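Engineer: Sharing input-v7.cif below, mmCIF, C-alpha atoms:
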data_entry
#
loop_
_atom_site.group_PDB
_atom_site.id
_atom_site.type_symbol
_atom_site.label_atom_id
_atom_site.label_comp_id
_atom_site.auth_asym_id
_atom_site.auth_seq_id
_atom_site.Cartn_x
_atom_site.Cartn_y
_atom_site.Cartn_z
ATOM 1 C CA MET A 84 -51.703 -1.246 36.192
ATOM 2 C CA GLU A 85 -50.226 -4.734 36.312
ATOM 3 C CA ALA A 86 -48.799 -4.420 32.794
ATOM 4 C CA SER A 87 -47.217 -1.063 33.461
ATOM 5 C CA THR A 88 -45.770 -2.312 36.712
ATOM 6 C CA THR A 89 -44.186 -5.231 34.858
ATOM 7 C CA ALA A 90 -42.912 -3.058 32.011
ATOM 8 C CA GLY A 91 -41.275 -0.504 34.265
ATOM 9 C CA PRO A 92 -38.564 -2.764 35.775
ATOM 10 C CA LEU A 93 -38.007 -4.442 32.369
ATOM 11 C CA ALA A 94 -37.438 -1.106 30.634
ATOM 12 C CA ARG A 95 -35.131 0.017 33.418
ATOM 13 C CA SER A 96 -33.145 -3.241 33.155
ATOM 14 C CA LEU A 97 -32.490 -2.545 29.453
ATOM 15 C CA GLU A 98 -31.155 0.945 30.129
ATOM 16 C CA ILE A 99 -27.362 1.328 29.841
ATOM 17 C CA PRO A 100 -25.795 2.993 32.919
ATOM 18 C CA SER A 101 -24.840 6.591 32.232
ATOM 19 C CA TRP A 102 -21.139 6.009 32.951
ATOM 20 C CA LYS A 103 -21.040 3.281 30.296
ATOM 21 C CA THR A 104 -22.781 5.561 27.819
ATOM 22 C CA ILE A 105 -20.238 8.329 28.435
ATOM 23 C CA ALA A 106 -17.284 5.934 28.293
ATOM 24 C CA GLY A 107 -18.700 4.319 25.146
ATOM 25 C CA ASN A 108 -19.017 7.712 23.458
ATOM 26 C CA VAL A 109 -15.410 8.612 24.316
ATOM 27 C CA LEU A 110 -14.083 5.274 23.062
ATOM 28 C CA ALA A 111 -16.211 5.477 19.903
ATOM 29 C CA LEU A 112 -14.887 8.978 19.174
ATOM 30 C CA PHE A 113 -11.300 7.756 19.601
ATOM 31 C CA VAL A 114 -11.793 4.789 17.248
ATOM 32 C CA ALA A 115 -13.753 6.900 14.756
ATOM 33 C CA VAL A 116 -11.000 9.513 14.493
ATOM 34 C CA LEU A 117 -8.390 6.774 14.164
ATOM 35 C CA PHE A 118 -10.162 4.968 11.337
ATOM 36 C CA VAL A 119 -11.643 7.908 9.446
ATOM 37 C CA VAL A 120 -8.311 9.720 9.276
ATOM 38 C CA ALA A 121 -6.528 6.495 8.273
ATOM 39 C CA GLY A 122 -9.116 5.877 5.553
ATOM 40 C CA VAL A 123 -8.956 9.429 4.222
ATOM 41 C CA PHE A 124 -5.145 9.234 4.171
ATOM 42 C CA LYS A 125 -5.336 6.130 1.991
ATOM 43 C CA ALA A 126 -7.982 7.649 -0.285
ATOM 44 C CA VAL A 127 -6.172 10.913 -1.000
ATOM 45 C CA ASP A 128 -2.645 9.467 -1.320
ATOM 46 C CA PRO A 129 -3.171 5.898 -2.569
ATOM 47 C CA PHE A 130 0.120 5.562 -4.453
ATOM 48 C CA ARG A 131 2.207 6.475 -1.417
ATOM 49 C CA VAL A 132 0.290 4.052 0.785
ATOM 50 C CA SER A 133 0.549 1.285 -1.826
ATOM 51 C CA ARG A 134 4.344 1.631 -1.598
ATOM 52 C CA MET A 135 4.078 1.267 2.179
ATOM 53 C CA PHE A 136 1.994 -1.871 1.703
ATOM 54 C CA GLU A 137 4.595 -3.303 -0.640
ATOM 55 C CA GLU A 138 7.162 -2.748 2.110
ATOM 56 C CA LEU A 139 4.906 -4.972 4.237
ATOM 57 C CA LEU A 140 5.178 -7.730 1.597
ATOM 58 C CA VAL A 141 1.868 -7.081 -0.180
ATOM 59 C CA PRO A 142 2.392 -8.004 -3.877
ATOM 60 C CA SER A 143 2.556 -4.871 -6.027
ATOM 61 C CA ARG A 144 -0.195 -6.101 -8.363
ATOM 62 C CA PHE A 145 -2.621 -6.158 -5.428
ATOM 63 C CA SER A 146 -1.385 -3.254 -3.307
ATOM 64 C CA LEU A 147 -3.330 -0.417 -4.941
ATOM 65 C CA ALA A 148 -6.632 -2.328 -4.972
ATOM 66 C CA LEU A 149 -6.095 -3.235 -1.313
ATOM 67 C CA VAL A 150 -5.428 0.416 -0.437
ATOM 68 C CA LEU A 151 -8.709 1.556 -1.987
ATOM 69 C CA THR A 152 -10.679 -1.296 -0.410
ATOM 70 C CA LEU A 153 -9.268 -0.519 3.027
ATOM 71 C CA ALA A 154 -9.844 3.215 2.557
ATOM 72 C CA ILE A 155 -13.555 2.602 2.056
ATOM 73 C CA ALA A 156 -13.783 0.014 4.851
ATOM 74 C CA GLU A 157 -11.933 2.187 7.374
ATOM 75 C CA MET A 158 -13.914 5.343 6.645
ATOM 76 C CA PHE A 159 -17.164 3.383 6.758
ATOM 77 C CA GLY A 160 -16.250 1.622 10.015
ATOM 78 C CA GLY A 161 -15.167 4.896 11.604
ATOM 79 C CA ALA A 162 -18.353 6.672 10.545
ATOM 80 C CA MET A 163 -20.548 3.808 11.772
ATOM 81 C CA ILE A 164 -18.967 3.589 15.213
ATOM 82 C CA LEU A 165 -19.345 7.335 15.698
ATOM 83 C CA VAL A 166 -23.145 7.250 15.251
ATOM 84 C CA PRO A 167 -24.926 5.578 18.225
ATOM 85 C CA ARG A 168 -27.553 4.084 15.919
ATOM 86 C CA PHE A 169 -24.872 2.199 13.935
ATOM 87 C CA ARG A 170 -22.251 1.801 16.662
ATOM 88 C CA ARG A 171 -22.365 -1.955 17.051
ATOM 89 C CA TRP A 172 -21.963 -2.452 13.292
ATOM 90 C CA GLY A 173 -19.035 -0.031 13.280
ATOM 91 C CA SER A 174 -17.514 -1.810 16.266
ATOM 92 C CA ALA A 175 -17.747 -5.160 14.491
ATOM 93 C CA LEU A 176 -16.187 -3.847 11.261
ATOM 94 C CA THR A 177 -13.289 -1.990 12.898
ATOM 95 C CA SER A 178 -12.597 -4.960 15.171
ATOM 96 C CA VAL A 179 -12.457 -7.354 12.221
ATOM 97 C CA LEU A 180 -10.059 -5.040 10.361
ATOM 98 C CA LEU A 181 -7.771 -4.829 13.383
ATOM 99 C CA VAL A 182 -7.789 -8.592 13.939
ATOM 100 C CA ILE A 183 -6.983 -9.300 10.269
ATOM 101 C CA PHE A 184 -4.119 -6.808 10.346
ATOM 102 C CA MET A 185 -2.697 -8.314 13.538
ATOM 103 C CA ILE A 186 -2.917 -11.838 12.108
ATOM 104 C CA TYR A 187 -1.187 -10.754 8.887
ATOM 105 C CA ILE A 188 1.675 -9.018 10.711
ATOM 106 C CA GLY A 189 1.999 -11.944 13.115
ATOM 107 C CA SER A 190 2.200 -14.496 10.297
ATOM 108 C CA HIS A 191 5.028 -12.502 8.628
ATOM 109 C CA TYR A 192 6.627 -11.272 11.846
ATOM 110 C CA SER A 193 10.145 -12.585 11.222
ATOM 111 C CA GLN A 194 10.258 -10.844 7.816
ATOM 112 C CA LEU A 195 8.651 -7.587 8.925
ATOM 113 C CA VAL A 196 10.173 -6.962 12.349
ATOM 114 C CA GLY A 197 11.615 -3.451 12.479
ATOM 115 C CA LYS A 198 9.767 -2.219 9.371
ATOM 116 C CA ASP A 199 7.562 0.864 9.386
ATOM 117 C CA CYS A 200 3.865 0.031 9.775
ATOM 118 C CA SER A 201 2.434 3.540 10.126
ATOM 119 C CA CYS A 202 -0.918 2.818 8.540
ATOM 120 C CA PHE A 203 -2.397 5.505 10.803
ATOM 121 C CA PRO A 204 -0.629 8.632 9.463
ATOM 122 C CA TRP A 205 0.019 10.492 12.713
ATOM 123 C CA ILE A 206 1.113 7.412 14.691
ATOM 124 C CA LYS A 207 4.656 6.326 13.794
ATOM 125 C CA ARG A 208 5.169 2.647 14.564
ATOM 126 C CA THR A 209 7.443 -0.201 13.609
ATOM 127 C CA VAL A 210 6.728 -3.905 13.665
ATOM 128 C CA GLY A 211 7.682 -5.328 17.057
ATOM 129 C CA PRO A 212 6.066 -6.311 20.375
ATOM 130 C CA GLY A 213 4.756 -2.771 20.839
ATOM 131 C CA PHE A 214 2.761 -3.064 17.629
ATOM 132 C CA PHE A 215 0.586 -5.839 19.056
ATOM 133 C CA ILE A 216 0.132 -4.009 22.361
ATOM 134 C CA GLY A 217 -1.039 -0.887 20.545
ATOM 135 C CA ASP A 218 -3.443 -2.712 18.259
ATOM 136 C CA ALA A 219 -4.793 -4.736 21.188
ATOM 137 C CA GLY A 220 -5.611 -1.405 22.856
ATOM 138 C CA PHE A 221 -7.395 -0.186 19.707
ATOM 139 C CA LEU A 222 -9.290 -3.469 19.538
ATOM 140 C CA ALA A 223 -10.380 -3.230 23.170
ATOM 141 C CA ALA A 224 -11.648 0.320 22.594
ATOM 142 C CA ALA A 225 -13.670 -0.751 19.545
ATOM 143 C CA LEU A 226 -15.169 -3.780 21.317
ATOM 144 C CA LEU A 227 -16.143 -1.867 24.451
ATOM 145 C CA ALA A 228 -17.704 0.958 22.426
ATOM 146 C CA GLY A 229 -19.913 -1.624 20.714
ATOM 147 C CA TRP A 230 -20.619 -3.603 23.878
ATOM 148 C CA TRP A 231 -21.885 -0.490 25.675
ATOM 149 C CA ALA A 232 -24.130 0.534 22.778
ATOM 150 C CA LYS A 233 -27.705 -0.355 21.891
ATOM 151 C CA PRO A 234 -28.420 -2.796 19.032
ATOM 152 C CA SER A 235 -27.897 -1.198 15.626
ATOM 153 C CA SER A 236 -30.638 -0.596 13.069
ATOM 154 C CA GLY A 237 -31.196 1.168 9.749
ATOM 155 C CA ILE A 238 -29.567 -0.905 7.029
ATOM 156 C CA ARG A 239 -30.781 1.381 4.251
ATOM 157 C CA SER A 240 -29.234 4.478 5.829
ATOM 158 C CA ALA A 241 -25.985 2.610 6.397
ATOM 159 C CA ALA A 242 -25.955 1.536 2.748
ATOM 160 C CA VAL A 243 -26.400 5.146 1.640
ATOM 161 C CA ALA A 244 -23.454 6.161 3.832
ATOM 162 C CA LEU A 245 -21.338 3.375 2.325
ATOM 163 C CA GLY A 246 -22.198 4.554 -1.173
ATOM 164 C CA ALA A 247 -21.238 8.137 -0.356
ATOM 165 C CA ILE A 248 -17.923 6.998 1.113
ATOM 166 C CA ALA A 249 -17.204 4.840 -1.954
ATOM 167 C CA VAL A 250 -17.865 7.825 -4.225
ATOM 168 C CA PHE A 251 -15.508 9.987 -2.145
ATOM 169 C CA ALA A 252 -12.788 7.329 -2.382
ATOM 170 C CA GLY A 253 -13.274 7.047 -6.146
ATOM 171 C CA VAL A 254 -13.077 10.809 -6.661
ATOM 172 C CA SER A 255 -9.977 11.039 -4.460
ATOM 173 C CA PHE A 256 -8.277 8.259 -6.409
ATOM 174 C CA GLY A 257 -9.144 9.968 -9.689
ATOM 175 C CA SER A 258 -7.643 13.217 -8.420
ATOM 176 C CA ALA A 259 -4.446 11.444 -7.294
ATOM 177 C CA LEU A 260 -4.183 9.725 -10.659
ATOM 178 C CA ALA A 261 -4.677 13.002 -12.532
ATOM 179 C CA HIS A 262 -1.923 14.695 -10.525
ATOM 180 C CA GLN A 263 0.675 12.008 -11.150
ATOM 181 C CA SER A 264 3.784 13.520 -12.675
ATOM 182 C CA GLY A 265 6.468 11.963 -14.822
ATOM 183 C CA THR A 266 6.529 10.603 -18.344
ATOM 184 C CA LYS A 267 4.010 7.848 -18.968
ATOM 185 C CA ALA A 268 5.530 4.546 -20.040
ATOM 186 C CA PRO A 269 4.010 2.442 -22.824
ATOM 187 C CA ASP A 270 1.177 0.281 -21.574
ATOM 188 C CA SER A 271 3.125 -2.924 -22.144
ATOM 189 C CA VAL A 272 6.082 -4.564 -23.856
ATOM 190 C CA ILE A 273 6.519 -8.096 -25.157
ATOM 191 C CA VAL A 274 8.300 -10.467 -22.768
ATOM 192 C CA ASP A 275 8.659 -14.143 -23.696
ATOM 193 C CA GLY A 276 6.134 -13.648 -26.492
ATOM 194 C CA LYS A 277 3.438 -12.205 -24.210
ATOM 195 C CA PRO A 278 2.393 -8.646 -23.262
ATOM 196 C CA PHE A 279 4.005 -7.496 -20.013
ATOM 197 C CA SER A 280 2.337 -4.531 -18.311
ATOM 198 C CA LEU A 281 4.422 -1.523 -17.307
ATOM 199 C CA GLN A 282 1.509 0.137 -15.519
ATOM 200 C CA HIS A 283 1.539 -1.618 -12.149
ATOM 201 C CA GLY A 284 3.993 -1.521 -9.279
ATOM 202 C CA ARG A 285 7.649 -0.529 -9.426
ATOM 203 C CA ILE A 286 9.699 -1.407 -12.494
ATOM 204 C CA PHE A 287 13.311 -0.644 -13.331
ATOM 205 C CA LEU A 288 14.048 -0.412 -17.059
ATOM 206 C CA PHE A 289 17.727 -1.181 -17.638
ATOM 207 C CA PHE A 290 19.175 -0.447 -21.093
ATOM 208 C CA PHE A 291 22.434 -2.286 -21.770
ATOM 209 C CA ASP A 292 24.838 -3.423 -24.444
ATOM 210 C CA PRO A 293 25.691 -7.104 -23.819
ATOM 211 C CA GLU A 294 29.242 -6.559 -25.100
ATOM 212 C CA CYS A 295 29.873 -3.433 -23.009
ATOM 213 C CA SER A 296 32.157 -4.059 -20.004
ATOM 214 C CA HIS A 297 30.712 -1.023 -18.202
ATOM 215 C CA CYS A 298 27.194 -2.463 -18.615
ATOM 216 C CA ASN A 299 28.357 -5.845 -17.346
ATOM 217 C CA ASP A 300 29.990 -4.280 -14.285
ATOM 218 C CA ALA A 301 26.844 -2.251 -13.560
ATOM 219 C CA ALA A 302 24.591 -5.293 -13.890
ATOM 220 C CA ARG A 303 26.858 -7.391 -11.673
ATOM 221 C CA HIS A 304 26.829 -4.739 -8.937
ATOM 222 C CA MET A 305 23.066 -4.274 -9.168
ATOM 223 C CA SER A 306 22.536 -8.005 -8.759
ATOM 224 C CA THR A 307 23.862 -7.659 -5.197
ATOM 225 C CA TYR A 308 21.309 -4.988 -4.198
ATOM 226 C CA HIS A 309 18.349 -5.711 -1.946
ATOM 227 C CA TRP A 310 15.541 -4.620 -4.286
ATOM 228 C CA LYS A 311 12.202 -3.607 -2.733
ATOM 229 C CA ASP A 312 9.584 -5.551 -4.697
ATOM 230 C CA VAL A 313 10.929 -4.150 -7.975
ATOM 231 C CA THR A 314 10.749 -5.924 -11.332
ATOM 232 C CA ILE A 315 13.852 -5.406 -13.458
ATOM 233 C CA VAL A 316 13.210 -5.267 -17.204
ATOM 234 C CA GLY A 317 16.375 -5.473 -19.288
ATOM 235 C CA ILE A 318 16.509 -3.965 -22.783
ATOM 236 C CA PRO A 319 19.526 -4.732 -25.020
ATOM 237 C CA THR A 320 20.589 -1.844 -27.255
ATOM 238 C CA ARG A 321 22.423 -4.193 -29.655
ATOM 239 C CA GLN A 322 23.143 -7.902 -30.068
ATOM 240 C CA PRO A 323 19.675 -8.882 -28.766
ATOM 241 C CA GLN A 324 20.524 -12.571 -29.068
ATOM 242 C CA PHE A 325 22.856 -12.156 -26.076
ATOM 243 C CA ALA A 326 20.292 -10.492 -23.806
ATOM 244 C CA LYS A 327 19.369 -13.584 -21.792
ATOM 245 C CA GLY A 328 22.991 -14.624 -21.411
ATOM 246 C CA PHE A 329 23.892 -11.120 -20.202
ATOM 247 C CA MET A 330 21.302 -11.182 -17.426
ATOM 248 C CA ASP A 331 22.024 -14.797 -16.462
ATOM 249 C CA ASP A 332 25.801 -14.358 -16.389
ATOM 250 C CA ASN A 333 25.525 -11.243 -14.225
ATOM 251 C CA LYS A 334 22.837 -12.833 -12.003
ATOM 252 C CA LEU A 335 20.541 -9.865 -12.625
ATOM 253 C CA MET A 336 17.166 -11.305 -11.724
ATOM 254 C CA GLY A 337 14.365 -10.056 -13.943
ATOM 255 C CA VAL A 338 12.976 -10.289 -17.455
ATOM 256 C CA PHE A 339 14.044 -8.783 -20.769
ATOM 257 C CA THR A 340 12.314 -7.340 -23.807
ATOM 258 C CA LEU A 341 13.588 -6.586 -27.301
ATOM 259 C CA GLU A 342 11.324 -3.566 -27.846
ATOM 260 C CA LEU A 343 14.167 -1.048 -27.722
ATOM 261 C CA GLN A 344 12.750 1.473 -30.198
ATOM 262 C CA LYS A 345 9.368 1.569 -28.510
ATOM 263 C CA LEU A 346 10.913 2.384 -25.125
ATOM 264 C CA LYS A 347 13.709 4.638 -26.373
ATOM 265 C CA ALA A 348 11.141 6.807 -28.188
ATOM 266 C CA VAL A 349 9.577 7.568 -24.805
ATOM 267 C CA PHE A 350 12.781 7.592 -22.724
ATOM 268 C CA PRO A 351 15.570 8.874 -25.001
ATOM 269 C CA PHE A 352 19.222 8.503 -23.908
ATOM 270 C CA GLY A 353 22.742 8.329 -25.294
ATOM 271 C CA ASP A 354 24.988 5.361 -24.644
ATOM 272 C CA PRO A 355 24.163 2.574 -22.218
ATOM 273 C CA PRO A 356 24.099 1.707 -19.387
ATOM 274 C CA TYR A 357 20.986 3.718 -18.640
ATOM 275 C CA GLY A 358 17.985 3.142 -16.428
ATOM 276 C CA VAL A 359 14.489 4.468 -15.791
ATOM 277 C CA ALA A 360 12.585 3.972 -12.552
ATOM 278 C CA LEU A 361 8.839 3.533 -13.060
ATOM 279 C CA GLU A 362 6.027 3.495 -10.538
ATOM 280 C CA ASN A 363 2.524 2.583 -11.648
ATOM 281 C CA GLY A 364 3.401 3.380 -15.230
ATOM 282 C CA ARG A 365 5.077 6.762 -14.636
ATOM 283 C CA GLU A 366 8.730 7.731 -14.600
ATOM 284 C CA ILE A 367 9.817 8.823 -11.139
ATOM 285 C CA GLY A 368 13.430 9.317 -12.088
ATOM 286 C CA PRO A 369 16.201 8.456 -14.545
ATOM 287 C CA VAL A 370 19.208 6.453 -13.380
ATOM 288 C CA GLN A 371 22.073 7.753 -15.489
ATOM 289 C CA SER A 372 25.282 7.229 -13.501
ATOM 290 C CA TYR A 373 26.991 3.861 -13.091
ATOM 291 C CA ASP A 374 30.280 4.342 -11.259
ATOM 292 C CA ASP A 375 32.729 1.686 -10.308
ATOM 293 C CA GLU A 376 31.027 0.936 -7.004
ATOM 294 C CA ASP A 377 34.339 0.056 -5.398
ATOM 295 C CA THR A 378 35.089 3.802 -5.506
ATOM 296 C CA GLY A 379 31.728 5.425 -6.326
ATOM 297 C CA ALA A 380 28.179 5.445 -5.051
ATOM 298 C CA GLU A 381 26.033 5.096 -8.155
ATOM 299 C CA PRO A 382 23.534 3.825 -9.107
ATOM 300 C CA SER A 383 22.890 2.637 -5.523
ATOM 301 C CA ALA A 384 22.529 6.179 -4.136
ATOM 302 C CA THR A 385 19.909 7.155 -6.727
ATOM 303 C CA LEU A 386 18.011 3.881 -6.445
ATOM 304 C CA ARG A 387 17.975 4.162 -2.651
ATOM 305 C CA THR A 388 16.678 7.737 -2.855
ATOM 306 C CA LEU A 389 13.906 6.570 -5.172
ATOM 307 C CA GLY A 390 13.005 3.813 -2.696
ATOM 308 C CA PHE A 391 13.883 0.984 -5.083
ATOM 309 C CA ILE A 392 16.559 -0.643 -2.920
ATOM 310 C CA GLU A 393 17.240 -0.947 0.797
#
Please lay out the structure from this file as structure tokens.
Structural biologist:
Amino acid sequence: MEASTTAGPLARSLEIPSWKTIAGNVLALFVAVLFVVAGVFKAVDPFRVSRMFEELLVPSRFSLALVLTLAIAEMFGGAMILVPRFRRWGSALTSVLLVIFMIYIGSHYSQLVGKDCSCFPWIKRTVGPGFFIGDAGFLAAALLAGWWAKPSSGIRSAAVALGAIAVFAGVSFGSALAHQSGTKAPDSVIVDGKPFSLQHGRIFLFFFDPECSHCNDAARHMSTYHWKDVTIVGIPTRQPQFAKGFMDDNKLMGVFTLELQKLKAVFPFGDPPYGVALENGREIGPVQSYDDEDTGAEPSATLRTLGFIE
């Protein structure tokens, strides 16, 4: 009798008020939808999201790996916060992701202000004061959902869920990779005596004749563009000994390779200047026209359409 009398008030004191339970469920559902949809978006369209990340100053060599890592983490966090048994773990994970994102944007604020940061596909946002207000609201929802939940348990079940989510992300990435269109570039070319990969990020192959005035004019104009994390690879079609001088004189920042035949076999063309826009090793478009940009609009119009310049 004495034990049961003591246990009764203790058990009742550990009970969460019903209004908190209801509010916690609503907040958890909101955060779960937010993160699961964001994670699925990254998993099924990783190349598009990697371009968005590069716009947010993530180096191209890391952007795709970061997309896949975040896809798994966001789907896992969203799934965990939705299930009452795992809610506190899900709250902790989603909160950490939000805090890291806010710190990153804050540390690069002056460079990113005004840029699109729509990492959640149905919420269109730009970097500015409103971004921090919105993410602070998401963070508060995640923290309250966890605070008004019971302690989490079941590590083995959570690990199984993580494995299933990782498999889904891997299959989605494989499907996206298989559906990539465009001619595949050679794996690498030799730059400064070392292999240089053509399979990662955005690369602009520029074929030129160092003694061609049209090529020089095109290179000089392109040197004034605001390129979006694009590596320019110059390829001389003749007089290879003048390649470095051509790029230096025209202030065209990039590297050059002498493997003309290797690249021209894959991307045939007539006379230079000629360009090929690559993304993750695939051609996304040729750049064929090089007008006098005092009177014309090429190649800037094509490069802007492809997302290579601002």
Engineer: Identify, on the basis of all atoms listed in the file, every residue whose closest approach to Thr320 of chain A does not exceed 12 Å; exclude the query and any residue fewer than 4 positions from it along the same chain; express the result as a VMD selection string.
Structural biologist: chain A and resid 289 to 295 298 324 to 326 339 to 347 352 to 357
Engineer: Rank A:Gln322, A:Thr307, A:Thr209, A:Ser178 by their smallest atom-to-atom distance to Ser383 of chain A, using all atoms listed in the file, and report the top residue only.
Structural biologist: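 Nearest candidate to Ser383 of chain A out of A:Gln322, A:Thr307, A:Thr209, A:Ser178: A:Thr307.
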Engineer: With distances taken over only C-alpha atoms, which residue among A:Leu149, A:Leu180, A:Ala247, A:Ala261 lies nearest Phe221 of chain A?
Structural biologist: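 Of the candidates, the smallest distance to Phe221 of chain A is held by A:Leu180.
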Engineer: What box, with edges along x, y and z, holds each listed atom of segment 133-149 of chain A when 5 Å is added on every side, and can you state its centre and edge lengths in Å to one decimal, as AutoDock Vina command-line options?
Structural biologist:
--center_x 0.3 --center_y -3.2 --center_z -2.1 --size_x 23.8 --size_y 19.6 --size_z 22.6
Engineer: With all atoms listed in the file as the counted atoms, please give the residues lying no more than 12 Å from Gly253 of chain A, apart from itself and same-chain residues fewer than 5 positions off, as an NGL selection string.
Structural biologist: :A and (123 or 125-129 or 148 or 150-152 or 154-155 or 246-248 or 258-260)
Engineer: With distances taken over all atoms listed in the file, which of A:Ser255, A:Lys198, A:Arg387, A:Leu281 is nearest to Phe136 of chain A?
Structural biologist: A:Lys198
Engineer: Enter the distance from atom CA of Met305 of chain A to atom CA of Leu335 of chain A, in Å, rounded to one decimal.
Structural biologist: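 So the answer is 7.0 Å.
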Engineer: Evaluated on this file, the PyMOL selection byres ((chain A and resi 337) around 7) picks out some residues - which ones are they, written as a list in words?
Structural biologist: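 So the PyMOL selection byres ((chain A and resi 337) around 7), applied here, picks out Thr314, Ile315, Val316, Leu335, Met336, Val338 and Phe339 of chain A.
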Engineer: Mind pulling up the distance from atom CA of Arg285 of chain A to atom CA of Leu361 of chain A?
Structural biologist: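 Computed distance, atom CA of Leu361 of chain A to atom CA of Arg285 of chain A, equals 5.6 Å.
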Engineer: By how many Å are atom CA of Ala252 of chain A and atom CA of Met163 of chain A apart?
Structural biologist: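 Separating atom CA of Ala252 of chain A from atom CA of Met163 of chain A is a distance of 16.5 Å.
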Engineer: Starting from the incomplete input, reconstruct N, CA and C atoms of segment 316-335 of chain A and report them as a PDB file, in the coordinates of the input.
Structural biologist:
ATOM      1  N   VAL A 316      13.445  -4.947 -15.794  1.00  0.00           N
ATOM      2  CA  VAL A 316      13.210  -5.267 -17.204  1.00  0.00           C
ATOM      3  C   VAL A 316      14.444  -4.822 -17.986  1.00  0.00           C
ATOM      4  N   GLY A 317      15.192  -5.782 -18.508  1.00  0.00           N
ATOM      5  CA  GLY A 317      16.375  -5.473 -19.288  1.00  0.00           C
ATOM      6  C   GLY A 317      16.033  -5.245 -20.755  1.00  0.00           C
ATOM      7  N   ILE A 318      16.734  -4.276 -21.370  1.00  0.00           N
ATOM      8  CA  ILE A 318      16.509  -3.965 -22.783  1.00  0.00           C
ATOM      9  C   ILE A 318      17.874  -3.861 -23.472  1.00  0.00           C
ATOM     10  N   PRO A 319      18.246  -4.822 -24.325  1.00  0.00           N
ATOM     11  CA  PRO A 319      19.526  -4.732 -25.020  1.00  0.00           C
ATOM     12  C   PRO A 319      19.465  -3.668 -26.117  1.00  0.00           C
ATOM     13  N   THR A 320      20.543  -2.880 -26.222  1.00  0.00           N
ATOM     14  CA  THR A 320      20.589  -1.844 -27.255  1.00  0.00           C
ATOM     15  C   THR A 320      21.209  -2.380 -28.550  1.00  0.00           C
ATOM     16  N   ARG A 321      21.872  -3.518 -28.476  1.00  0.00           N
ATOM     17  CA  ARG A 321      22.423  -4.193 -29.655  1.00  0.00           C
ATOM     18  C   ARG A 321      22.654  -5.650 -29.279  1.00  0.00           C
ATOM     19  N   GLN A 322      22.929  -6.472 -30.287  1.00  0.00           N
ATOM     20  CA  GLN A 322      23.143  -7.902 -30.068  1.00  0.00           C
ATOM     21  C   GLN A 322      22.038  -8.514 -29.187  1.00  0.00           C
ATOM     22  N   PRO A 323      20.772  -8.391 -29.610  1.00  0.00           N
ATOM     23  CA  PRO A 323      19.675  -8.882 -28.766  1.00  0.00           C
ATOM     24  C   PRO A 323      19.744 -10.371 -28.466  1.00  0.00           C
ATOM     25  N   GLN A 324      20.438 -11.124 -29.302  1.00  0.00           N
ATOM     26  CA  GLN A 324      20.524 -12.571 -29.068  1.00  0.00           C
ATOM     27  C   GLN A 324      21.304 -12.900 -27.791  1.00  0.00           C
ATOM     28  N   PHE A 325      22.067 -11.922 -27.290  1.00  0.00           N
ATOM     29  CA  PHE A 325      22.856 -12.156 -26.076  1.00  0.00           C
ATOM     30  C   PHE A 325      22.172 -11.618 -24.807  1.00  0.00           C
ATOM     31  N   ALA A 326      20.953 -11.143 -24.947  1.00  0.00           N
ATOM     32  CA  ALA A 326      20.292 -10.492 -23.806  1.00  0.00           C
ATOM     33  C   ALA A 326      20.117 -11.434 -22.621  1.00  0.00           C
ATOM     34  N   LYS A 327      19.607 -12.633 -22.884  1.00  0.00           N
ATOM     35  CA  LYS A 327      19.369 -13.584 -21.792  1.00  0.00           C
ATOM     36  C   LYS A 327      20.687 -13.992 -21.142  1.00  0.00           C
ATOM     37  N   GLY A 328      21.702 -14.244 -21.954  1.00  0.00           N
ATOM     38  CA  GLY A 328      22.991 -14.624 -21.411  1.00  0.00           C
ATOM     39  C   GLY A 328      23.591 -13.522 -20.555  1.00  0.00           C
ATOM     40  N   PHE A 329      23.397 -12.261 -20.973  1.00  0.00           N
ATOM     41  CA  PHE A 329      23.892 -11.120 -20.202  1.00  0.00           C
ATOM     42  C   PHE A 329      23.281 -11.101 -18.805  1.00  0.00           C
ATOM     43  N   MET A 330      21.970 -11.247 -18.725  1.00  0.00           N
ATOM     44  CA  MET A 330      21.302 -11.182 -17.426  1.00  0.00           C
ATOM     45  C   MET A 330      21.623 -12.415 -16.582  1.00  0.00           C
ATOM     46  N   ASP A 331      21.699 -13.581 -17.210  1.00  0.00           N
ATOM     47  CA  ASP A 331      22.024 -14.797 -16.462  1.00  0.00           C
ATOM     48  C   ASP A 331      23.457 -14.763 -15.938  1.00  0.00           C
ATOM     49  N   ASP A 332      24.392 -14.368 -16.787  1.00  0.00           N
ATOM     50  CA  ASP A 332      25.801 -14.358 -16.389  1.00  0.00           C
ATOM     51  C   ASP A 332      26.054 -13.375 -15.248  1.00  0.00           C
ATOM     52  N   ASN A 333      25.336 -12.256 -15.265  1.00  0.00           N
ATOM     53  CA  ASN A 333      25.525 -11.243 -14.225  1.00  0.00           C
ATOM     54  C   ASN A 333      24.578 -11.419 -13.037  1.00  0.00           C
ATOM     55  N   LYS A 334      23.777 -12.503 -13.091  1.00  0.00           N
ATOM     56  CA  LYS A 334      22.837 -12.833 -12.003  1.00  0.00           C
ATOM     57  C   LYS A 334      21.880 -11.676 -11.707  1.00  0.00           C
ATOM     58  N   LEU A 335      21.494 -10.958 -12.761  1.00  0.00           N
ATOM     59  CA  LEU A 335      20.541  -9.865 -12.625  1.00  0.00           C
ATOM     60  C   LEU A 335      19.139 -10.436 -12.798  1.00  0.00           C
TER      61      LEU A 335
END
